[in-house]
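This is data11.pdb (PDB, C-alpha atoms).
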```pdb
ATOM      1  CA  MET A   1      19.506   6.046  -1.959
ATOM      2  CA  GLU A   2      21.151   3.933   0.738
ATOM      3  CA  ARG A   3      21.778   7.073   2.836
ATOM      4  CA  ASP A   4      18.128   8.028   2.513
ATOM      5  CA  VAL A   5      16.964   4.565   3.596
ATOM      6  CA  ALA A   6      19.391   4.624   6.542
ATOM      7  CA  ALA A   7      18.068   8.034   7.649
ATOM      8  CA  LEU A   8      14.492   6.770   7.514
ATOM      9  CA  ARG A   9      15.409   3.678   9.514
ATOM     10  CA  GLU A  10      17.325   5.687  12.146
ATOM     11  CA  ALA A  11      14.443   8.130  12.540
ATOM     12  CA  GLY A  12      12.254   5.242  13.680
ATOM     13  CA  SER A  13       9.444   6.424  11.411
ATOM     14  CA  LEU A  14       7.953   2.942  11.089
ATOM     15  CA  ALA A  15       7.611   2.504  14.844
ATOM     16  CA  GLY A  16       4.645   4.887  14.915
ATOM     17  CA  ALA A  17       2.903   3.519  11.819
ATOM     18  CA  CYS A  18      -0.535   1.938  12.088
ATOM     19  CA  GLY A  19      -0.172  -1.811  12.506
ATOM     20  CA  VAL A  20      -1.951  -5.080  13.165
ATOM     21  CA  GLY A  21      -4.953  -4.810  15.471
ATOM     22  CA  GLU A  22      -5.581  -1.106  14.811
ATOM     23  CA  THR A  23      -8.585   0.218  12.923
ATOM     24  CA  PHE A  24      -7.935   1.212   9.321
ATOM     25  CA  PRO A  25      -9.246   4.712   8.561
ATOM     26  CA  ASN A  26     -12.324   4.887   6.386
ATOM     27  CA  PHE A  27     -11.792   6.581   3.026
ATOM     28  CA  GLU A  28     -13.347   7.449  -0.314
ATOM     29  CA  LEU A  29     -10.831   8.066  -3.101
ATOM     30  CA  ARG A  30     -10.922   8.375  -6.889
ATOM     31  CA  ASP A  31      -9.270   5.727  -9.051
ATOM     32  CA  GLN A  32      -7.332   6.178 -12.301
ATOM     33  CA  LYS A  33     -10.631   6.336 -14.229
ATOM     34  CA  GLY A  34     -12.230   8.889 -11.942
ATOM     35  CA  ARG A  35     -14.487   6.413 -10.157
ATOM     36  CA  SER A  36     -15.061   6.737  -6.412
ATOM     37  CA  VAL A  37     -13.867   3.787  -4.283
ATOM     38  CA  SER A  38     -14.479   3.475  -0.544
ATOM     39  CA  LEU A  39     -13.145   1.088   2.086
ATOM     40  CA  ASP A  40     -16.686  -0.089   2.848
ATOM     41  CA  GLU A  41     -17.161  -0.976  -0.825
ATOM     42  CA  MET A  42     -13.888  -2.937  -0.908
ATOM     43  CA  LEU A  43     -14.845  -4.916   2.194
ATOM     44  CA  LYS A  44     -18.113  -6.226   0.728
ATOM     45  CA  SER A  45     -16.319  -9.244  -0.740
ATOM     46  CA  GLY A  46     -14.255  -9.994   2.361
ATOM     47  CA  TYR A  47     -10.780  -8.535   2.781
ATOM     48  CA  ALA A  48      -9.418  -5.241   1.499
ATOM     49  CA  VAL A  49      -5.781  -5.293   0.381
ATOM     50  CA  LEU A  50      -4.201  -1.846   0.015
ATOM     51  CA  ALA A  51      -0.720  -1.360  -1.414
ATOM     52  CA  PHE A  52       0.763   2.114  -0.893
ATOM     53  CA  VAL A  53       3.125   3.080  -3.719
ATOM     54  CA  ARG A  54       4.985   6.250  -4.629
ATOM     55  CA  GLY A  55       4.336   6.898  -8.320
ATOM     56  CA  GLY A  56       4.814   5.809 -11.910
ATOM     57  CA  TRP A  57       8.300   7.364 -11.871
ATOM     58  CA  CYS A  58       9.421   4.707  -9.342
ATOM     59  CA  PRO A  59      10.651   1.469 -11.011
ATOM     60  CA  TYR A  60      10.178  -0.555  -7.817
ATOM     61  CA  CYS A  61       6.532   0.544  -7.603
ATOM     62  CA  ASN A  62       5.905  -0.434 -11.219
ATOM     63  CA  LEU A  63       7.414  -3.864 -10.639
ATOM     64  CA  GLU A  64       5.273  -4.298  -7.525
ATOM     65  CA  LEU A  65       2.043  -3.382  -9.324
ATOM     66  CA  ARG A  66       2.774  -5.742 -12.210
ATOM     67  CA  ALA A  67       3.589  -8.574  -9.809
ATOM     68  CA  LEU A  68       0.327  -8.019  -7.912
ATOM     69  CA  HIS A  69      -1.600  -7.824 -11.190
ATOM     70  CA  ASN A  70      -0.213 -11.217 -12.230
ATOM     71  CA  ARG A  71      -1.573 -12.877  -9.052
ATOM     72  CA  LEU A  72      -4.805 -10.874  -8.810
ATOM     73  CA  LYS A  73      -7.146 -13.774  -9.643
ATOM     74  CA  GLU A  74      -5.637 -15.895  -6.866
ATOM     75  CA  MET A  75      -6.131 -13.128  -4.323
ATOM     76  CA  GLU A  76      -9.707 -12.518  -5.471
ATOM     77  CA  SER A  77     -10.454 -16.241  -5.094
ATOM     78  CA  LEU A  78      -9.443 -15.859  -1.427
ATOM     79  CA  GLY A  79     -11.997 -13.087  -0.883
ATOM     80  CA  ALA A  80      -9.632 -10.141  -1.349
ATOM     81  CA  THR A  81     -10.315  -6.868  -3.151
ATOM     82  CA  LEU A  82      -7.075  -5.152  -4.125
ATOM     83  CA  ALA A  83      -6.268  -1.485  -4.676
ATOM     84  CA  ALA A  84      -3.071   0.526  -4.896
ATOM     85  CA  VAL A  85      -2.860   3.953  -3.264
ATOM     86  CA  SER A  86      -0.573   6.722  -4.518
ATOM     87  CA  PRO A  87      -0.240  10.514  -4.221
ATOM     88  CA  GLU A  88       0.369  10.668  -7.968
ATOM     89  CA  VAL A  89      -2.153  12.590 -10.077
ATOM     90  CA  PRO A  90      -3.513   9.943 -12.497
ATOM     91  CA  ASP A  91      -3.364  11.978 -15.723
ATOM     92  CA  ARG A  92       0.396  12.602 -15.695
ATOM     93  CA  GLU A  93       2.525  11.348 -18.592
ATOM     94  CA  VAL A  94       4.737   9.249 -16.304
ATOM     95  CA  SER A  95       1.959   7.507 -14.414
ATOM     96  CA  PHE A  96       0.881   4.001 -13.527
ATOM     97  CA  ALA A  97      -1.993   4.308 -16.014
ATOM     98  CA  ASN A  98       0.523   4.770 -18.844
ATOM     99  CA  LEU A  99       3.450   2.640 -17.647
ATOM    100  CA  SER A 100       1.805  -0.186 -15.678
ATOM    101  CA  PRO A 101      -1.900  -0.493 -16.505
ATOM    102  CA  VAL A 102      -3.441  -2.952 -14.045
ATOM    103  CA  ALA A 103      -6.845  -4.549 -13.551
ATOM    104  CA  PHE A 104      -7.361  -3.117 -10.060
ATOM    105  CA  PRO A 105      -7.924   0.490  -8.923
ATOM    106  CA  VAL A 106      -4.988   2.850  -8.376
ATOM    107  CA  LEU A 107      -6.438   5.358  -5.924
ATOM    108  CA  HIS A 108      -5.324   8.972  -5.817
ATOM    109  CA  ASP A 109      -4.398   9.909  -2.250
ATOM    110  CA  GLU A 110      -4.272  13.685  -2.690
ATOM    111  CA  ASN A 111      -1.519  15.249  -0.558
ATOM    112  CA  ASN A 112      -1.039  11.850   1.126
ATOM    113  CA  ARG A 113      -4.040  12.424   3.379
ATOM    114  CA  LEU A 114      -4.770   8.734   3.933
ATOM    115  CA  ALA A 115      -1.083   7.821   4.250
ATOM    116  CA  LYS A 116      -0.657  10.549   6.881
ATOM    117  CA  ARG A 117      -3.559   9.137   8.898
ATOM    118  CA  LEU A 118      -1.751   5.795   8.837
ATOM    119  CA  ARG A 119       1.514   7.543   9.789
ATOM    120  CA  ILE A 120       3.428   6.045   6.860
ATOM    121  CA  THR A 121       4.780   9.192   5.175
ATOM    122  CA  TRP A 122       8.334  10.480   4.976
ATOM    123  CA  GLN A 123      10.126  13.532   3.615
ATOM    124  CA  PHE A 124      11.945  12.999   0.335
ATOM    125  CA  GLY A 125      15.657  13.568   1.033
ATOM    126  CA  GLU A 126      17.961  16.089  -0.646
ATOM    127  CA  ASP A 127      20.077  13.322  -2.220
ATOM    128  CA  LEU A 128      17.049  11.798  -3.898
ATOM    129  CA  LYS A 129      15.829  15.204  -5.042
ATOM    130  CA  ALA A 130      19.175  15.669  -6.808
ATOM    131  CA  ILE A 131      19.030  12.200  -8.383
ATOM    132  CA  ASN A 132      15.501  12.690  -9.672
ATOM    133  CA  GLY A 133      16.331  16.189 -10.887
ATOM    134  CA  HIS A 134      19.279  14.759 -12.818
ATOM    135  CA  TYR A 135      16.924  12.389 -14.643
ATOM    136  CA  GLY A 136      14.379  15.130 -15.278
ATOM    137  CA  MET A 137      11.746  13.764 -12.911
ATOM    138  CA  ASP A 138       9.568  16.431 -11.298
ATOM    139  CA  ILE A 139       7.772  14.728  -8.403
ATOM    140  CA  ALA A 140       6.077  17.979  -7.369
ATOM    141  CA  TYR A 141       4.472  18.068 -10.826
ATOM    142  CA  GLN A 142       3.573  14.361 -10.694
ATOM    143  CA  ASN A 143       1.763  14.808  -7.377
ATOM    144  CA  GLN A 144       0.600  18.410  -7.852
ATOM    145  CA  ASP A 145       2.210  18.969  -4.457
ATOM    146  CA  ASP A 146       5.588  20.571  -3.753
ATOM    147  CA  SER A 147       5.917  19.229  -0.200
ATOM    148  CA  MET A 148       8.029  16.267  -1.427
ATOM    149  CA  VAL A 149       6.290  14.001   1.083
ATOM    150  CA  LEU A 150       5.779  10.406  -0.049
ATOM    151  CA  PRO A 151       4.280   7.246   1.427
ATOM    152  CA  ILE A 152       6.526   4.510   2.725
ATOM    153  CA  PRO A 153       5.717   1.521   0.507
ATOM    154  CA  ALA A 154       3.330  -0.547   2.625
ATOM    155  CA  VAL A 155       0.741  -3.291   2.215
ATOM    156  CA  TYR A 156      -2.254  -3.708   4.519
ATOM    157  CA  VAL A 157      -4.846  -6.476   4.738
ATOM    158  CA  VAL A 158      -8.047  -5.207   6.370
ATOM    159  CA  GLY A 159     -10.943  -7.319   7.703
ATOM    160  CA  ARG A 160     -14.670  -6.587   7.459
ATOM    161  CA  ASP A 161     -14.602  -4.879  10.849
ATOM    162  CA  ARG A 162     -11.915  -2.504   9.438
ATOM    163  CA  ARG A 163      -9.319  -4.067  11.743
ATOM    164  CA  ILE A 164      -5.813  -4.398  10.280
ATOM    165  CA  LEU A 165      -5.043  -8.111  10.029
ATOM    166  CA  TYR A 166      -1.649  -7.849   8.315
ATOM    167  CA  ALA A 167       0.792  -5.000   7.712
ATOM    168  CA  TYR A 168       3.982  -5.018   5.638
ATOM    169  CA  LEU A 169       6.131  -1.967   6.407
ATOM    170  CA  LYS A 170       9.768  -1.624   5.425
ATOM    171  CA  ALA A 171      12.104   1.368   5.483
ATOM    172  CA  ASP A 172      13.978   0.062   2.420
ATOM    173  CA  TYR A 173      11.671   1.090  -0.428
ATOM    174  CA  MET A 174      13.733  -1.035  -2.813
ATOM    175  CA  THR A 175      12.409  -4.183  -1.101
ATOM    176  CA  ARG A 176       8.747  -5.010  -1.687
ATOM    177  CA  LEU A 177       6.346  -7.660  -0.458
ATOM    178  CA  GLU A 178       6.321 -10.785  -2.621
ATOM    179  CA  PRO A 179       2.802 -11.596  -3.906
ATOM    180  CA  GLN A 180       3.200 -15.178  -2.676
ATOM    181  CA  ALA A 181       3.608 -13.931   0.904
ATOM    182  CA  LEU A 182       0.357 -11.995   0.509
ATOM    183  CA  ILE A 183      -1.417 -15.056  -0.892
ATOM    184  CA  ASP A 184      -0.087 -17.174   1.985
ATOM    185  CA  THR A 185      -1.445 -14.590   4.444
ATOM    186  CA  LEU A 186      -4.895 -14.591   2.812
ATOM    187  CA  THR A 187      -4.908 -18.387   2.742
ATOM    188  CA  ALA A 188      -4.139 -18.513   6.465
ATOM    189  CA  LEU A 189      -6.884 -15.980   7.210
ATOM    190  CA  ASN A 190      -9.396 -18.155   5.373
ATOM    191  CA  LYS A 191      -8.648 -21.254   7.432
ATOM    192  CA  PRO A 192     -11.366 -22.009   9.988
ATOM    193  CA  ALA A 193     -10.420 -21.485  13.607
ATOM    194  CA  PRO A 194      -9.677 -24.766  15.430
ATOM    195  CA  ALA A 195     -12.466 -26.086  17.600
ATOM    196  CA  PRO A 196     -11.930 -25.533  21.314
ATOM    197  CA  ARG A 197     -10.312 -28.494  23.012
ATOM    198  CA  LEU A 198     -12.490 -30.050  25.710
ATOM    199  CA  VAL A 199     -10.711 -31.265  28.806
ATOM    200  CA  ALA A 200     -12.536 -33.336  31.383
ATOM    201  CA  ALA A 201     -12.421 -31.872  34.866
ATOM    202  CA  SER A 202     -10.781 -34.100  37.431
ATOM    203  CA  ALA A 203     -12.887 -35.249  40.360
TER
END
```
So, in terms of structure tokens, how does the structure I just supplied come out?
Amino acid sequence: MERDVAALREAGSLAGACGVGETFPNFELRDQKGRSVSLDEMLKSGYAVLAFVRGGWCPYCNLELRALHNRLKEMESLGATLAAVSPEVPDREVSFANLSPVAFPVLHDENNRLAKRLRITWQFGEDLKAINGHYGMDIAYQNQDDSMVLPIPAVYVVGRDRRILYAYLKADYMTRLEPQALIDTLTALNKPAPAPRLVAASA
């Protein structure tokens, strides 16, 4: 796993990812219950928070979703609407719906189409294929896609104008954003801008 992370870091894949100040692509995706969710709908309450995760087979992703679920009310009180995004087909046995049921949508990003538009995908390495095969995990089956392309775990905060206000991107998929850091970011975004300072012109 460390070799895979090092290869991703050396490839500079994150350098080209969509970041702060760019426009987040519009989307309409199905959640784990088959309901359609769009970016415009998420932005009605204020901010859209989108966490890109790999699948229910990934222990780090499950821990991240549970941690976000536990702080969901705090984020909602700050005007945020939260959703996770994953290439995983929702009805699989090893899925978030079965392993980590949460109170926010887990959107199905078929063939990583949205993640590819954000330029946050990477090719699953041969070492990790062998590890997952050893444990009987068939990611191609989980995603109904044999490309073995996955999203880099990422978290975006998007404003009403669809501009990216915050982006957490890290090559090491074993390290995830702490919910408190996300809450701190939302708190800062909610603070009113300071009034302009008036300076008297000299004669």
Quiz item: If you measure from atom CA of Ala188 of chain A to atom CA of Leu78 of chain A, what distance in Å do you get, rounded to one decimal?
Solution: 9.9 Å
Self-check item: Neighbour list for segment 119-123 of chain A as a PyMOL selection string, cut-off 6 Å, only C-alpha atoms, skip fewer than 4 positions in-chain
Solution: chain A and resi 17+115+149-152
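Residue membership of the PyMOL selection byres ((chain A and resi 183) around 10) in the shown file amounts to Arg71, Leu72, Glu74, Met75, Glu76, Leu78, Ala80, Glu178, Pro179, Gln180, Ala181, Leu182, Asp184, Thr185, Leu186, Thr187, Ala188 and Leu189 of chain A.
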Quiz prompt | Residues selected by the PyMOL selection byres ((chain A and resi 170) around 10), written as a PyMOL selection string | solution = chain A and resi 5+8-9+14+152-155+167-169+171-177
Self-check item: Ground truth for the PyMOL selection byres ((chain A and resi 38) around 12), written as a list in words
Solution: Pro25, Asn26, Phe27, Glu28, Leu29, Arg30, Asp31, Arg35, Ser36, Val37, Leu39, Asp40, Glu41, Met42, Leu43, Lys44, Ala48, Leu50, Thr81, Leu82, Ala83, Val85, Pro105, Leu107, His108, Leu114 and Arg162 of chain A
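The gap separating atom CA of Lys33 of chain A from atom CA of Asn112 of chain A is 18.9 Å, in Å to one decimal.
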Quiz prompt | For atom CA of Asp146 of chain A and atom CA of Pro90 of chain A, the interatomic separation in Å (one decimal) | solution = 16.5 Å
Quick one: what's the axis-aligned box for segment 66-79 of chain A, all listed atoms, 6 Å on every side, centre and edges in Å to one decimal, as JSON?
```
{"center_x": -4.2, "center_y": -11.0, "center_z": -6.6, "size_x": 27.6, "size_y": 22.5, "size_z": 23.3}
```
Exercise. For each of A:Asn190, A:Ser95, A:Asn143, A:Thr23, take the minimum atom-to-atom distance to Asn111 of chain A, counting all atoms listed in the file, then give the residue where this is smallest.
Key: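 Distance minimum relative to Asn111 of chain A lands on A:Asn143.
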Reconstruct segment 35-67 of chain A at the level of N, CA and C atoms, and format the result as a tab-separated table (two decimals), in the coordinates of the input.
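Written file, part_29.tsv:
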```tsv
chain	number	residue	atom	x	y	z
A	35	ARG	N	-13.41	7.02	-10.93
A	35	ARG	CA	-14.49	6.41	-10.16
A	35	ARG	C	-14.18	6.49	-8.67
A	36	SER	N	-15.22	6.66	-7.86
A	36	SER	CA	-15.06	6.74	-6.41
A	36	SER	C	-15.01	5.33	-5.82
A	37	VAL	N	-14.03	5.09	-4.95
A	37	VAL	CA	-13.87	3.79	-4.28
A	37	VAL	C	-13.74	4.05	-2.79
A	38	SER	N	-14.53	3.32	-2.00
A	38	SER	CA	-14.48	3.48	-0.54
A	38	SER	C	-14.00	2.18	0.10
A	39	LEU	N	-13.55	2.28	1.35
A	39	LEU	CA	-13.14	1.09	2.09
A	39	LEU	C	-14.34	0.17	2.29
A	40	ASP	N	-15.49	0.73	2.63
A	40	ASP	CA	-16.69	-0.09	2.85
A	40	ASP	C	-17.03	-0.89	1.60
A	41	GLU	N	-16.88	-0.28	0.44
A	41	GLU	CA	-17.16	-0.98	-0.82
A	41	GLU	C	-16.18	-2.13	-1.02
A	42	MET	N	-14.90	-1.90	-0.72
A	42	MET	CA	-13.89	-2.94	-0.91
A	42	MET	C	-14.12	-4.12	0.02
A	43	LEU	N	-14.68	-3.86	1.19
A	43	LEU	CA	-14.84	-4.92	2.19
A	43	LEU	C	-16.08	-5.79	1.97
A	44	LYS	N	-16.90	-5.45	0.98
A	44	LYS	CA	-18.11	-6.23	0.73
A	44	LYS	C	-17.80	-7.67	0.36
A	45	SER	N	-16.67	-7.89	-0.31
A	45	SER	CA	-16.32	-9.24	-0.74
A	45	SER	C	-15.51	-10.00	0.30
A	46	GLY	N	-15.06	-9.32	1.34
A	46	GLY	CA	-14.26	-9.99	2.36
A	46	GLY	C	-13.15	-9.11	2.88
A	47	TYR	N	-11.94	-9.29	2.33
A	47	TYR	CA	-10.78	-8.54	2.78
A	47	TYR	C	-10.44	-7.41	1.80
A	48	ALA	N	-9.96	-6.31	2.33
A	48	ALA	CA	-9.42	-5.24	1.50
A	48	ALA	C	-7.90	-5.31	1.59
A	49	VAL	N	-7.24	-5.32	0.44
A	49	VAL	CA	-5.78	-5.29	0.38
A	49	VAL	C	-5.36	-3.97	-0.25
A	50	LEU	N	-4.60	-3.18	0.48
A	50	LEU	CA	-4.20	-1.85	0.02
A	50	LEU	C	-2.68	-1.75	-0.03
A	51	ALA	N	-2.16	-1.49	-1.22
A	51	ALA	CA	-0.72	-1.36	-1.41
A	51	ALA	C	-0.39	0.11	-1.66
A	52	PHE	N	0.37	0.71	-0.75
A	52	PHE	CA	0.76	2.11	-0.89
A	52	PHE	C	2.05	2.19	-1.70
A	53	VAL	N	1.99	2.95	-2.81
A	53	VAL	CA	3.12	3.08	-3.72
A	53	VAL	C	3.37	4.55	-4.02
A	54	ARG	N	4.57	4.86	-4.50
A	54	ARG	CA	4.99	6.25	-4.63
A	54	ARG	C	4.52	6.91	-5.92
A	55	GLY	N	4.75	6.28	-7.06
A	55	GLY	CA	4.34	6.90	-8.32
A	55	GLY	C	4.90	6.15	-9.51
A	56	GLY	N	4.37	6.48	-10.69
A	56	GLY	CA	4.81	5.81	-11.91
A	56	GLY	C	6.28	6.04	-12.23
A	57	TRP	N	6.88	7.08	-11.66
A	57	TRP	CA	8.30	7.36	-11.87
A	57	TRP	C	9.19	6.38	-11.13
A	58	CYS	N	8.64	5.61	-10.19
A	58	CYS	CA	9.42	4.71	-9.34
A	58	CYS	C	9.44	3.30	-9.95
A	59	PRO	N	10.61	2.80	-10.38
A	59	PRO	CA	10.65	1.47	-11.01
A	59	PRO	C	10.23	0.35	-10.07
A	60	TYR	N	10.55	0.49	-8.78
A	60	TYR	CA	10.18	-0.56	-7.82
A	60	TYR	C	8.66	-0.63	-7.67
A	61	CYS	N	8.00	0.52	-7.71
A	61	CYS	CA	6.53	0.54	-7.60
A	61	CYS	C	5.89	-0.10	-8.82
A	62	ASN	N	6.45	0.16	-10.01
A	62	ASN	CA	5.90	-0.43	-11.22
A	62	ASN	C	6.05	-1.95	-11.20
A	63	LEU	N	7.20	-2.42	-10.74
A	63	LEU	CA	7.41	-3.86	-10.64
A	63	LEU	C	6.44	-4.49	-9.64
A	64	GLU	N	6.20	-3.79	-8.53
A	64	GLU	CA	5.27	-4.30	-7.52
A	64	GLU	C	3.86	-4.40	-8.09
A	65	LEU	N	3.39	-3.36	-8.78
A	65	LEU	CA	2.04	-3.38	-9.32
A	65	LEU	C	1.88	-4.49	-10.36
A	66	ARG	N	2.87	-4.68	-11.20
A	66	ARG	CA	2.77	-5.74	-12.21
A	66	ARG	C	2.74	-7.11	-11.56
A	67	ALA	N	3.56	-7.29	-10.52
A	67	ALA	CA	3.59	-8.57	-9.81
A	67	ALA	C	2.25	-8.86	-9.15
```
